[in-house]
file run.txt (compact mmCIF, C-alpha atoms)
# COMPACT_ATOMS: atom_id res chain seq x y z
CA MET A 913 33.36 86.08 -42.05
CA LYS A 914 35.59 83.38 -43.42
CA LEU A 915 36.23 80.39 -41.22
CA THR A 916 39.38 78.30 -41.41
CA ARG A 917 39.37 74.65 -40.44
CA ARG A 918 41.30 75.51 -37.29
CA ASP A 919 38.81 78.25 -36.35
CA PHE A 920 35.96 75.86 -36.91
CA ILE A 921 37.41 73.18 -34.63
CA LYS A 922 38.15 75.80 -32.00
CA THR A 923 34.60 77.11 -32.24
CA ASN A 924 33.30 73.58 -31.63
CA ALA A 925 35.58 73.30 -28.58
CA ILE A 926 34.36 76.64 -27.23
CA ALA A 927 30.70 75.75 -27.81
CA ALA A 928 30.97 72.39 -26.01
CA THR A 929 32.86 73.93 -23.09
CA ALA A 930 30.43 76.84 -22.82
CA VAL A 931 27.52 74.39 -22.54
CA ALA A 932 29.24 72.47 -19.74
CA ALA A 933 30.14 75.73 -17.97
CA GLY A 934 26.74 77.34 -18.38
CA VAL A 935 28.46 80.30 -20.02
CA THR A 936 26.79 82.12 -22.90
CA ILE A 937 29.14 83.17 -25.68
CA PRO A 938 27.38 85.46 -28.15
CA GLY A 939 27.34 84.52 -31.81
CA ILE A 940 28.86 81.07 -31.49
CA LYS A 941 25.78 79.12 -32.53
CA GLU A 942 25.43 81.24 -35.65
CA VAL A 943 29.04 80.56 -36.66
CA LEU A 944 28.61 76.79 -36.25
CA ALA A 945 25.26 76.80 -38.06
CA ARG A 946 26.82 78.43 -41.11
CA SER A 947 29.51 75.78 -41.40
CA LYS A 948 29.02 72.35 -42.93
CA ASP A 949 30.10 69.97 -40.23
CA THR A 950 31.75 66.91 -41.72
CA ILE A 951 32.11 65.16 -38.38
CA ARG A 952 29.71 62.35 -37.56
CA TRP A 953 28.86 62.13 -33.85
CA ASP A 954 28.09 58.84 -32.10
CA LYS A 955 27.56 57.97 -28.46
CA ALA A 956 29.74 55.47 -26.58
CA PRO A 957 30.56 54.57 -23.00
CA CYS A 958 34.14 55.31 -21.96
CA ARG A 959 36.03 52.05 -21.65
CA PHE A 960 38.70 53.30 -19.30
CA CYS A 961 37.35 52.68 -15.80
CA GLY A 962 34.11 51.36 -14.32
CA THR A 963 32.28 54.65 -13.90
CA GLY A 964 30.65 54.43 -17.31
CA CYS A 965 30.92 58.03 -18.49
CA SER A 966 29.10 58.72 -21.71
CA VAL A 967 31.28 60.08 -24.48
CA LEU A 968 30.33 61.65 -27.78
CA VAL A 969 32.73 60.35 -30.40
CA GLY A 970 33.30 62.30 -33.60
CA THR A 971 34.49 60.47 -36.70
CA GLN A 972 35.63 61.89 -39.98
CA ASN A 973 36.67 59.72 -42.94
CA ASP A 974 36.35 56.61 -40.72
CA ARG A 975 38.81 57.99 -38.15
CA VAL A 976 38.07 59.15 -34.64
CA VAL A 977 39.07 62.83 -34.55
CA ALA A 978 37.12 64.33 -31.68
CA THR A 979 35.61 63.40 -28.31
CA GLN A 980 33.52 65.29 -25.83
CA GLY A 981 31.73 64.41 -22.63
CA ASP A 982 28.01 63.86 -23.21
CA PRO A 983 26.18 66.83 -21.66
CA ASP A 984 22.98 64.75 -21.38
CA ALA A 985 24.56 61.88 -19.45
CA PRO A 986 23.54 61.81 -15.77
CA VAL A 987 26.81 60.08 -14.82
CA ASN A 988 29.31 62.64 -16.10
CA ARG A 989 27.20 65.64 -17.24
CA GLY A 990 29.44 66.71 -20.08
CA LEU A 991 32.71 66.04 -18.26
CA ASN A 992 35.33 63.41 -18.91
CA CYS A 993 38.72 62.78 -17.38
CA ILE A 994 41.85 63.27 -19.45
CA LYS A 995 42.35 59.51 -19.84
CA GLY A 996 38.91 59.24 -21.36
CA TYR A 997 39.65 62.00 -23.83
CA PHE A 998 42.81 60.47 -25.23
CA LEU A 999 41.61 56.87 -25.11
CA SER A 1000 39.87 56.94 -28.46
CA LYS A 1001 42.92 58.32 -30.20
CA ILE A 1002 45.60 55.98 -28.89
CA MET A 1003 44.38 53.61 -31.61
CA TYR A 1004 46.43 55.72 -33.99
CA GLY A 1005 49.53 56.04 -31.81
CA GLY A 1006 52.76 55.52 -33.74
CA ASP A 1007 54.26 53.34 -31.01
CA ARG A 1008 51.28 51.01 -30.83
CA LEU A 1009 52.12 47.31 -31.16
CA GLN A 1010 50.89 46.19 -34.57
CA GLN A 1011 52.75 42.95 -35.26
CA PRO A 1012 54.07 40.05 -33.17
CA LEU A 1013 57.46 40.50 -31.54
CA LEU A 1014 59.65 37.62 -30.43
CA ARG A 1015 62.70 37.77 -28.17
CA MET A 1016 65.48 36.59 -30.45
CA SER A 1017 69.27 36.35 -30.74
CA ASN A 1018 70.95 35.44 -34.03
CA GLY A 1019 67.61 34.81 -35.71
CA LYS A 1020 66.44 32.28 -33.10
CA TYR A 1021 64.18 32.44 -30.05
CA ASP A 1022 66.12 33.44 -26.99
CA LYS A 1023 64.56 34.30 -23.65
CA GLU A 1024 67.24 36.94 -23.08
CA GLY A 1025 67.18 38.25 -26.66
CA GLU A 1026 65.83 41.48 -28.10
CA PHE A 1027 62.22 41.90 -29.26
CA THR A 1028 62.25 41.36 -33.03
CA PRO A 1029 59.28 41.63 -35.43
CA VAL A 1030 58.23 38.19 -36.71
CA SER A 1031 55.37 36.81 -38.81
CA TRP A 1032 52.16 35.58 -37.17
CA GLU A 1033 53.04 32.09 -38.42
CA MET A 1034 56.37 32.24 -36.64
CA ALA A 1035 54.72 33.62 -33.49
CA PHE A 1036 52.09 30.85 -33.29
CA LYS A 1037 54.61 28.16 -34.21
CA THR A 1038 56.95 29.25 -31.43
CA MET A 1039 54.12 29.43 -28.88
CA ALA A 1040 52.87 25.94 -29.89
CA GLU A 1041 56.36 24.50 -29.60
CA LYS A 1042 56.91 25.94 -26.15
CA TRP A 1043 53.54 24.69 -24.89
CA THR A 1044 54.02 21.23 -26.35
CA GLN A 1045 57.50 21.02 -24.85
CA THR A 1046 56.35 22.13 -21.41
CA ILE A 1047 53.43 19.67 -21.37
CA LYS A 1048 55.80 16.92 -22.47
CA ASP A 1049 58.41 17.74 -19.81
CA LYS A 1050 56.27 18.71 -16.84
CA GLY A 1051 52.71 17.63 -17.54
CA PRO A 1052 49.43 19.47 -18.28
CA THR A 1053 49.32 21.21 -14.88
CA HIS A 1054 52.32 23.35 -15.84
CA VAL A 1055 50.61 25.41 -18.52
CA GLY A 1056 47.76 27.82 -18.17
CA THR A 1057 46.32 31.02 -19.50
CA MET B 770 47.21 69.48 -34.32
CA ASN B 771 45.30 69.20 -31.05
CA ILE B 772 42.57 71.59 -29.94
CA SER B 773 40.76 71.21 -26.63
CA GLY B 774 38.02 72.98 -24.79
CA VAL B 775 38.77 73.17 -21.08
CA LEU B 776 36.40 74.25 -18.33
CA VAL B 777 38.37 76.02 -15.60
CA ALA B 778 36.69 76.68 -12.27
CA THR B 779 37.91 79.35 -9.90
CA SER B 780 36.36 81.63 -7.34
CA PRO B 781 34.57 84.64 -8.95
CA ARG B 782 36.97 87.20 -7.49
CA ASN B 783 39.91 85.48 -9.22
CA ILE B 784 38.52 85.50 -12.77
CA GLU B 785 40.39 88.55 -14.00
CA GLN B 786 43.75 87.70 -12.51
CA LEU B 787 43.54 84.05 -13.53
CA SER B 788 42.56 84.94 -17.12
CA GLY B 789 45.77 86.95 -17.35
CA GLU B 790 47.83 84.02 -16.10
CA LEU B 791 46.09 81.51 -18.36
CA VAL B 792 46.82 83.36 -21.60
CA ARG B 793 50.50 83.43 -20.74
CA LEU B 794 50.62 79.63 -21.19
CA PRO B 795 51.47 78.64 -24.78
CA GLY B 796 48.41 77.91 -26.94
CA VAL B 797 45.91 78.94 -24.25
CA GLU B 798 43.03 81.35 -24.92
CA VAL B 799 40.18 82.47 -22.66
CA HIS B 800 36.85 82.95 -24.43
CA GLY B 801 34.43 83.79 -21.67
CA ALA B 802 33.45 83.39 -18.04
CA ASN B 803 30.37 83.55 -15.86
CA ASP B 804 29.85 85.02 -12.41
CA LEU B 805 30.15 81.61 -10.77
CA GLY B 806 33.83 81.59 -11.68
CA LYS B 807 33.69 79.19 -14.61
CA LEU B 808 35.96 80.02 -17.53
CA VAL B 809 35.75 78.74 -21.10
CA VAL B 810 39.31 78.08 -22.23
CA THR B 811 40.81 76.55 -25.38
CA VAL B 812 44.21 74.92 -25.61
CA GLU B 813 45.97 74.38 -28.90
CA THR B 814 49.10 72.22 -29.14
CA GLU B 815 50.99 70.22 -31.73
CA HIS B 816 51.15 66.95 -29.76
CA GLU B 817 48.88 65.18 -27.29
CA GLY B 818 51.62 65.07 -24.67
CA GLN B 819 51.85 68.87 -24.70
CA MET B 820 48.08 69.00 -24.37
CA ALA B 821 48.11 66.84 -21.25
CA ASP B 822 51.02 68.89 -19.81
CA THR B 823 49.19 72.16 -20.47
CA VAL B 824 46.02 70.95 -18.74
CA VAL B 825 48.14 69.90 -15.74
CA ALA B 826 49.87 73.31 -15.81
CA ILE B 827 46.43 74.98 -15.70
CA GLN B 828 45.40 72.78 -12.77
CA ASN B 829 48.53 73.87 -10.93
CA LEU B 830 47.92 77.60 -11.32
CA ARG B 831 47.10 79.40 -8.08
CA GLY B 832 43.36 79.88 -7.66
CA VAL B 833 42.31 77.08 -10.02
CA LEU B 834 39.75 74.81 -8.34
CA SER B 835 39.56 72.44 -11.29
CA ALA B 836 40.44 72.25 -14.96
CA ALA B 837 38.35 69.73 -16.87
CA MET B 838 38.71 68.90 -20.54
CA ILE B 839 35.34 69.02 -22.23
CA TYR B 840 36.24 68.61 -25.86
CA HIS B 841 39.26 67.24 -27.65
CA HIS B 842 39.98 67.26 -31.35
CA ASN B 843 43.02 65.72 -32.98
CA GLU B 844 43.51 66.09 -36.68
CA ALA B 845 46.37 66.39 -39.11
CA ILE B 846 45.76 69.60 -40.97
CA ASP B 847 47.93 69.80 -44.06
CA CYS B 848 46.89 73.32 -44.87
CA PRO B 849 46.06 75.23 -41.69
CA GLU B 850 44.30 78.01 -43.59
CA GLN B 851 42.05 75.67 -45.55
CA GLU B 852 38.55 77.08 -45.79
CA GLU B 853 35.77 75.21 -44.07
CA GLN B 854 33.11 76.60 -46.38
call {"tool": "encode", "arguments": {"input": "run.txt", "output": "structure tokens"}}
result
Amino acid sequence: MKLTRRDFIKTNAIAATAVAAGVTIPGIKEVLARSKDTIRWDKAPCRFCGTGCSVLVGTQNDRVVATQGDPDAPVNRGLNCIKGYFLSKIMYGGDRLQQPLLRMSNGKYDKEGEFTPVSWEMAFKTMAEKWTQTIKDKGPTHVGT
Amino acid sequence: MNISGVLVATSPRNIEQLSGELVRLPGVEVHGANDLGKLVVTVETEHEGQMADTVVAIQNLRGVLSAAMIYHHNEAIDCPEQEEQ
């Protein structure tokens, strides 16, 4: 039987779910054993909330492509919540902030302006200026992190 | 392309009816069940948002006690029919 990439991924999904459900699906182990799995699996704690669910993280070509709840973890026993599943992949989200943005109007900082991409140099320079100015005007008790 | 494995729990007497309702949802397949009412389901969608919506839709079906994602795979497949072996 020939196995497409899509079939293979689906078979992995079925196998993991069957283990968590305690359902036996005939033939599935044989199909997976015949395929060369190019995914590397590592173990990590979920970083979403404080429960500490254990997650198996699958990477391929240095990218996280798959996650599954760790069936051996006493905390979550192969389950994860939906936030935990997507967490590892939001790293690659197209709308993720990847460079500094500064509120600007007409090419200058403006508190009411629109967020505009700027260089890191510009971002740090503007932050330093604002801090220095505030300390100068109001004293060191008026800044904080 | 997103493929997930979802464990759906229902009461044993609902397995047959629920399986019929599940496969009517886009991208949903039922692969097996046991006599405790646990169903092995896969969901296939283009985007992650659709995946989350589908899992919520499953949770909202009558008779579903819980729908838990067990496995999630997200990968851009250029050629869907590419051979694994």
call {"tool": "atom_distance", "arguments": {"input": "run.txt", "atom1": "CA of Gly796 (chain B)", "atom2": "CA of Thr814 (chain B)"}}
result
6.1 Å
call {"tool": "residues_around", "arguments": {"input": "run.txt", "residues": "Pro795 (chain B)", "least_positions_apart": "5", "cutoff": "9 Å", "atoms": "only C-alpha atoms", "output": "list in words"}}
result
Val812, Glu813, Thr814 and Thr823 of chain B
call {"tool": "closest_residue", "arguments": {"input": "run.txt", "among": "A:Arg918, A:Lys955, A:Lys995, A:Arg989", "to": "Met820 (chain B)", "atoms": "all atoms listed in the file"}}
result
A:Lys995
call {"tool": "residues_around", "arguments": {"input": "run.txt", "residues": "Cys961 (chain A)", "least_positions_apart": "4", "cutoff": "12 Å", "atoms": "all atoms listed in the file", "output": "PyMOL selection string"}}
result
chain A and resi 957+965-966+992-993+995-996+999
call {"tool": "write_last_selection", "arguments": {"input": "run.txt", "atoms": "C-alpha atoms", "output": "PDB file, in the frame of the given file"}}
result
ATOM      1  CA  PRO A 957      30.560  54.570 -23.000  1.00  0.00           C
ATOM      2  CA  CYS A 965      30.920  58.030 -18.490  1.00  0.00           C
ATOM      3  CA  SER A 966      29.100  58.720 -21.710  1.00  0.00           C
ATOM      4  CA  ASN A 992      35.330  63.410 -18.910  1.00  0.00           C
ATOM      5  CA  CYS A 993      38.720  62.780 -17.380  1.00  0.00           C
ATOM      6  CA  LYS A 995      42.350  59.510 -19.840  1.00  0.00           C
ATOM      7  CA  GLY A 996      38.910  59.240 -21.360  1.00  0.00           C
ATOM      8  CA  LEU A 999      41.610  56.870 -25.110  1.00  0.00           C
TER       9      LEU A 999
END
call {"tool": "closest_residue", "arguments": {"input": "run.txt", "among": "B:Gly789, B:Gly801, B:Gly818, B:Pro781", "to": "chain A", "atoms": "all atoms listed in the file"}}
result
B:Gly801
call {"tool": "closest_residue", "arguments": {"input": "run.txt", "among": "B:Val809, B:Val833, B:Ala821, B:Gln828", "to": "Arg782 (chain B)", "atoms": "all atoms listed in the file"}}
result
B:Val833
call {"tool": "interface_residues", "arguments": {"input": "run.txt", "of": "chain A", "to": "chain B", "cutoff": "8 Å", "atoms": "only C-alpha atoms", "output": "ChimeraX atom specification"}}
result
/A:914-918,920-922,925-926,928-930,932-937,947-948,977-981,990-994,997-998,1001
call {"tool": "atom_distance", "arguments": {"input": "run.txt", "atom1": "CA of Leu944 (chain A)", "atom2": "CA of Arg975 (chain A)"}}
result
21.5 Å
